[in-house]
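Asker: Provided below: query.tsv, containing TSV, C-alpha atoms.
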```
chain	number	residue	atom	x	y	z
B	1	MET	CA	0.00	0.00	0.00
B	2	LYS	CA	2.89	2.36	-0.69
B	3	ALA	CA	0.95	5.10	-2.41
B	4	PHE	CA	2.36	7.76	-0.13
B	5	GLY	CA	2.39	11.35	-1.36
B	6	LEU	CA	5.53	12.12	-3.33
B	7	SER	CA	6.16	15.46	-1.65
B	8	LEU	CA	6.38	14.06	1.89
B	9	ALA	CA	8.31	10.97	0.82
B	10	ALA	CA	10.74	13.17	-1.12
B	11	ALA	CA	11.17	15.47	1.87
B	12	LEU	CA	11.97	12.54	4.13
B	13	MET	CA	14.52	11.20	1.65
B	14	LEU	CA	16.14	14.60	1.23
B	15	ALA	CA	16.41	15.01	4.97
B	16	GLY	CA	18.14	11.66	5.22
B	17	SER	CA	20.52	12.13	2.31
B	18	ALA	CA	21.59	15.60	3.41
B	19	PHE	CA	23.15	14.28	6.62
B	20	ALA	CA	23.83	10.59	6.14
B	21	GLN	CA	26.80	10.16	3.89
B	22	ASP	CA	28.61	7.16	5.38
B	23	GLU	CA	26.38	6.29	8.33
B	24	GLU	CA	24.01	3.38	8.49
B	25	VAL	CA	21.48	2.33	11.09
B	26	LYS	CA	21.68	-1.05	12.79
B	27	TYR	CA	18.17	-2.35	12.18
B	28	SER	CA	16.54	-5.75	12.63
B	29	ASP	CA	12.89	-6.78	12.25
B	30	ALA	CA	13.39	-9.38	15.02
B	31	PRO	CA	12.04	-7.42	18.02
B	32	THR	CA	8.78	-6.65	16.24
B	33	ALA	CA	8.52	-10.04	14.51
B	34	ASP	CA	9.15	-11.93	17.77
B	35	CYS	CA	6.56	-9.84	19.58
B	36	LEU	CA	3.98	-10.45	16.84
B	37	ALA	CA	4.66	-14.19	16.89
B	38	ALA	CA	3.72	-14.24	20.58
B	39	ALA	CA	0.76	-11.85	20.29
B	40	ASP	CA	-2.66	-13.46	20.53
B	41	THR	CA	-4.88	-10.37	20.49
B	42	ALA	CA	-5.05	-7.11	18.57
B	43	ASP	CA	-4.00	-5.24	21.73
B	44	ALA	CA	-0.96	-7.50	22.11
B	45	MET	CA	-0.13	-6.86	18.44
B	46	ARG	CA	-0.35	-3.10	19.00
B	47	ALA	CA	2.23	-3.40	21.78
B	48	CYS	CA	4.71	-4.60	19.13
B	49	ILE	CA	4.63	-1.33	17.18
B	50	GLY	CA	7.91	0.53	17.48
B	51	LEU	CA	9.96	-2.21	19.15
B	52	ALA	CA	12.37	-2.62	16.22
B	53	THR	CA	12.63	1.15	15.87
B	54	ALA	CA	13.52	1.57	19.54
B	55	LYS	CA	16.27	-1.09	19.31
B	56	CYS	CA	17.57	0.50	16.12
B	57	VAL	CA	17.69	3.97	17.64
B	58	ASP	CA	19.56	2.63	20.67
B	59	ALA	CA	22.00	0.52	18.60
B	60	SER	CA	24.27	3.35	17.45
B	61	ASP	CA	24.96	7.04	17.81
B	62	TYR	CA	23.72	7.55	14.25
B	63	GLY	CA	20.41	5.83	15.08
B	64	SER	CA	19.73	8.43	17.74
B	65	THR	CA	20.07	11.36	15.33
B	66	THR	CA	16.95	12.84	13.79
B	67	VAL	CA	17.84	11.34	10.43
B	68	GLY	CA	18.73	8.00	11.99
B	69	MET	CA	15.44	7.90	13.90
B	70	ALA	CA	13.50	8.55	10.70
B	71	GLU	CA	15.50	5.85	8.92
B	72	CYS	CA	14.94	3.32	11.73
B	73	THR	CA	11.24	4.14	11.73
B	74	GLY	CA	11.10	3.85	7.93
B	75	LYS	CA	12.62	0.38	8.04
B	76	GLU	CA	10.08	-0.81	10.59
B	77	THR	CA	7.31	0.77	8.51
B	78	ASP	CA	8.53	-1.32	5.56
B	79	PHE	CA	8.20	-4.43	7.75
B	80	TRP	CA	4.59	-3.60	8.65
B	81	ASP	CA	3.82	-2.55	5.07
B	82	ALA	CA	4.93	-5.96	3.76
B	83	LYS	CA	2.66	-7.65	6.31
B	84	LEU	CA	-0.18	-5.30	5.38
B	85	ASN	CA	0.21	-6.04	1.67
B	86	ALA	CA	0.29	-9.81	2.24
B	87	THR	CA	-2.80	-9.69	4.46
B	88	TYR	CA	-4.66	-7.47	2.01
B	89	LYS	CA	-3.84	-9.88	-0.83
B	90	GLU	CA	-5.07	-12.87	1.21
B	91	LEU	CA	-8.27	-11.08	2.20
B	92	MET	CA	-8.91	-9.98	-1.37
B	93	ALA	CA	-8.55	-13.56	-2.64
B	94	ARG	CA	-10.92	-14.79	0.06
B	95	ALA	CA	-13.37	-11.96	-0.69
B	96	GLU	CA	-13.40	-12.65	-4.42
B	97	LYS	CA	-14.00	-16.35	-3.76
B	98	PHE	CA	-16.82	-15.57	-1.32
B	99	ASP	CA	-18.40	-13.04	-3.69
B	100	LYS	CA	-18.34	-15.56	-6.52
B	101	MET	CA	-19.89	-18.30	-4.35
B	102	ASN	CA	-22.68	-15.99	-3.25
B	103	ALA	CA	-23.27	-14.08	-6.49
B	104	ASP	CA	-26.91	-15.19	-6.69
B	105	ASP	CA	-27.83	-14.47	-3.07
B	106	PRO	CA	-30.34	-11.56	-3.15
B	107	ARG	CA	-29.61	-10.68	0.50
B	108	ILE	CA	-26.07	-9.57	-0.29
B	109	MET	CA	-26.09	-5.88	-1.13
B	110	TYR	CA	-22.32	-5.26	-1.35
B	111	LYS	CA	-19.50	-7.34	-2.68
B	112	ILE	CA	-16.84	-7.90	-0.06
B	113	ALA	CA	-13.99	-7.48	-2.56
B	114	ASP	CA	-15.30	-4.11	-3.76
B	115	SER	CA	-15.81	-2.93	-0.17
B	116	LEU	CA	-12.32	-4.06	0.84
B	117	ARG	CA	-10.73	-2.29	-2.13
B	118	ASP	CA	-12.71	0.92	-1.53
B	119	MET	CA	-11.89	0.88	2.17
B	120	GLN	CA	-8.17	0.37	1.55
B	121	ARG	CA	-8.02	3.13	-1.05
B	122	ALA	CA	-9.78	5.52	1.34
B	123	TRP	CA	-7.40	4.49	4.12
B	124	ILE	CA	-4.36	5.27	1.93
B	125	THR	CA	-5.74	8.74	1.24
B	126	PHE	CA	-6.45	9.25	4.95
B	127	ARG	CA	-2.99	7.98	5.96
B	128	ASP	CA	-1.24	10.25	3.47
B	129	ALA	CA	-3.21	13.32	4.56
B	130	SER	CA	-2.71	12.52	8.26
B	131	CYS	CA	1.04	12.06	7.92
B	132	THR	CA	1.41	15.15	5.73
B	133	PHE	CA	-0.39	17.04	8.50
B	134	GLN	CA	2.08	15.63	11.03
B	135	TYR	CA	4.96	16.74	8.79
B	136	ALA	CA	3.44	20.22	8.51
B	137	LEU	CA	3.21	20.44	12.30
B	138	GLY	CA	7.01	20.27	12.31
B	139	MET	CA	6.97	23.67	10.59
B	140	GLY	CA	10.15	23.01	8.61
B	141	GLY	CA	12.18	21.87	11.60
B	142	THR	CA	14.08	18.65	12.01
B	143	ILE	CA	11.20	17.22	14.02
B	144	ALA	CA	9.01	17.19	10.86
B	145	SER	CA	10.56	14.01	9.46
B	146	THR	CA	10.35	12.31	12.85
B	147	LEU	CA	6.66	13.21	13.19
B	148	ALA	CA	5.84	12.05	9.66
B	149	SER	CA	7.80	8.79	9.85
B	150	GLY	CA	6.21	8.00	13.24
B	151	CYS	CA	2.79	8.64	11.75
B	152	LEU	CA	3.49	6.31	8.83
B	153	LEU	CA	4.67	3.58	11.20
B	154	GLU	CA	1.68	3.85	13.54
B	155	MET	CA	-0.91	4.04	10.78
B	156	THR	CA	0.59	1.25	8.64
B	157	ALA	CA	0.94	-1.10	11.61
B	158	GLY	CA	-2.55	-0.18	12.78
B	159	GLN	CA	-4.08	-0.95	9.40
B	160	TYR	CA	-2.29	-4.29	9.24
B	161	ILE	CA	-3.62	-5.18	12.70
B	162	TYR	CA	-7.12	-4.07	11.70
B	163	LEU	CA	-7.12	-6.16	8.52
B	164	GLU	CA	-5.47	-9.15	10.20
B	165	ASN	CA	-8.25	-9.22	12.78
B	166	SER	CA	-11.16	-8.10	10.59
B	167	TRP	CA	-12.37	-11.32	9.00
B	168	GLN	CA	-11.86	-14.31	11.20
B	169	GLU	CA	-13.03	-17.63	9.79
B	170	ASN	CA	-15.45	-19.47	12.02
```
Please lay out the structure from this file as structure tokens.

Answerer:
Amino acid sequence: MKAFGLSLAAALMLAGSAFAQDEEVKYSDAPTADCLAAADTADAMRACIGLATAKCVDASDYGSTTVGMAECTGKETDFWDAKLNATYKELMARAEKFDKMNADDPRIMYKIADSLRDMQRAWITFRDASCTFQYALGMGGTIASTLASGCLLEMTAGQYIYLENSWQEN
């Protein structure tokens, strides 16, 4: 679901490239992945958000810089985004199968696949606007990239958790 607004994404990349010539963050998905593997509820899954970022920030002096923090957060966002995309794809396949099986049922007013697609597209627009707002709140300061990258992480992870828990098979 990486349809993030070019202007904010470009600003985050420019902020990172302006300061990070030879530095690299020490990032691993393991803290978040291990937490998720043990999580058995949506609330427990939410507690996993930011764990890999926190370890990354603490792993080196560079990770604790504004640019390093945004980079660490971006890497964890990529982790959640991959999970979100895989879950969306699985749900879409299930929805299309269900819609096809029930095509002749007059009680069904909305196709699940269409509703899922519409919801996800609206969420992307909402996420982009919300995180652009967070960036704007930084008013051009170094905090802007930290606010925006934190927003992307929280919203992407939250959407994954929502989708992952939205359609449980009985």

Asker: Smallest atom-to-atom distance to Glu164 in chain B: which of B:Ala39, B:Leu91, B:Leu152, B:Val57, using all atoms listed in the file?

Answerer: B:Leu91

Asker: If you measure from CA of Ser60 in chain B to CA of Asp78 in chain B, what distance in Å do you get, rounded to one decimal?

Answerer: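 Atom-to-atom, CA of Ser60 in chain B and CA of Asp78 in chain B are spaced 20.3 Å apart.
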
Asker: Please identify all polymer residues within 9 Å of Cys48 in chain B, counting all atoms listed in the file, omitting same-chain residues fewer than 4 positions from it, and present them as a ChimeraX atom specification.

Answerer: /B:31-36,39,44,52

Asker: To one decimal in Å, tell me the separation between CA of Glu96 in chain B and CA of Leu116 in chain B.

Answerer: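 One can read the CA of Glu96 in chain B to CA of Leu116 in chain B distance as 10.1 Å.
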
Asker: Looking at all atoms listed in the file, which of B:Tyr160, B:Trp123, B:Tyr110, B:Tyr135 is the one that sits closest to Thr77 in chain B?

Answerer: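 Among the listed residues, the smallest separation from Thr77 in chain B belongs to B:Tyr160.
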
Asker: What does the distance between CA of Asn85 in chain B and CA of Ala70 in chain B come to in Å, to one decimal place?

Answerer: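 Spanning CA of Asn85 in chain B to CA of Ala70 in chain B is a straight-line distance of 21.7 Å.
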
Asker: Restricting the calculation to all atoms listed in the file: of B:Asn165, B:Ser64, B:Met155, B:Lys55, which residue gets closest to Ala129 in chain B?

Answerer: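 Counting all atoms listed in the file, the residue closest to Ala129 in chain B is B:Met155.
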
Asker: Show me as a ChimeraX atom specification the residues that reach within 6 Å of (23.7, 6.4, 11.9), counting all atoms listed in the file and using the file's own coordinates.

Answerer: /B:23-25,62-63,68

Asker: Given the choices B:Ala42, B:Lys89, B:Glu71, B:Asp128, which gets closest to Ser145 in chain B if the distance is worked out from all atoms listed in the file?

Answerer: B:Glu71

Asker: Compile the contact shell of Ala157 in chain B as a list in words: residues with an atom at most 8 Å away, counting all atoms listed in the file, same-chain residues fewer than 2 positions apart removed.

Answerer: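 The contact residues come out as Arg46, Ile49, Thr77, Trp80, Asp81, Leu84, Leu153, Glu154, Met155, Gln159, Tyr160 and Ile161 of chain B.
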
Asker: Tell me which of B:Ala113, B:Ala136, B:Ala37, B:Met45 sits closest to Tyr88 in chain B, counting all atoms listed in the file.

Answerer: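 Looking only at the distances to Tyr88 in chain B, the closest residue turns out to be B:Ala113.
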
Asker: Build an axis-aligned box that encloses every atom of range 132-138 of chain B listed in the file, pad it by 3 Å on each side, and report its centre and edge lengths in Å to one decimal, as AutoDock Vina command-line options.

Answerer:
```
--center_x 3.3 --center_y 17.8 --center_z 9.0 --size_x 13.4 --size_y 11.3 --size_z 12.6
```

Asker: Which of these, B:Cys151, B:Glu76, B:Gln168, B:Gly140, has the shortest distance to Arg94 in chain B once you count all atoms listed in the file?

Answerer: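 For Arg94 in chain B, the nearest of the candidates is B:Gln168.
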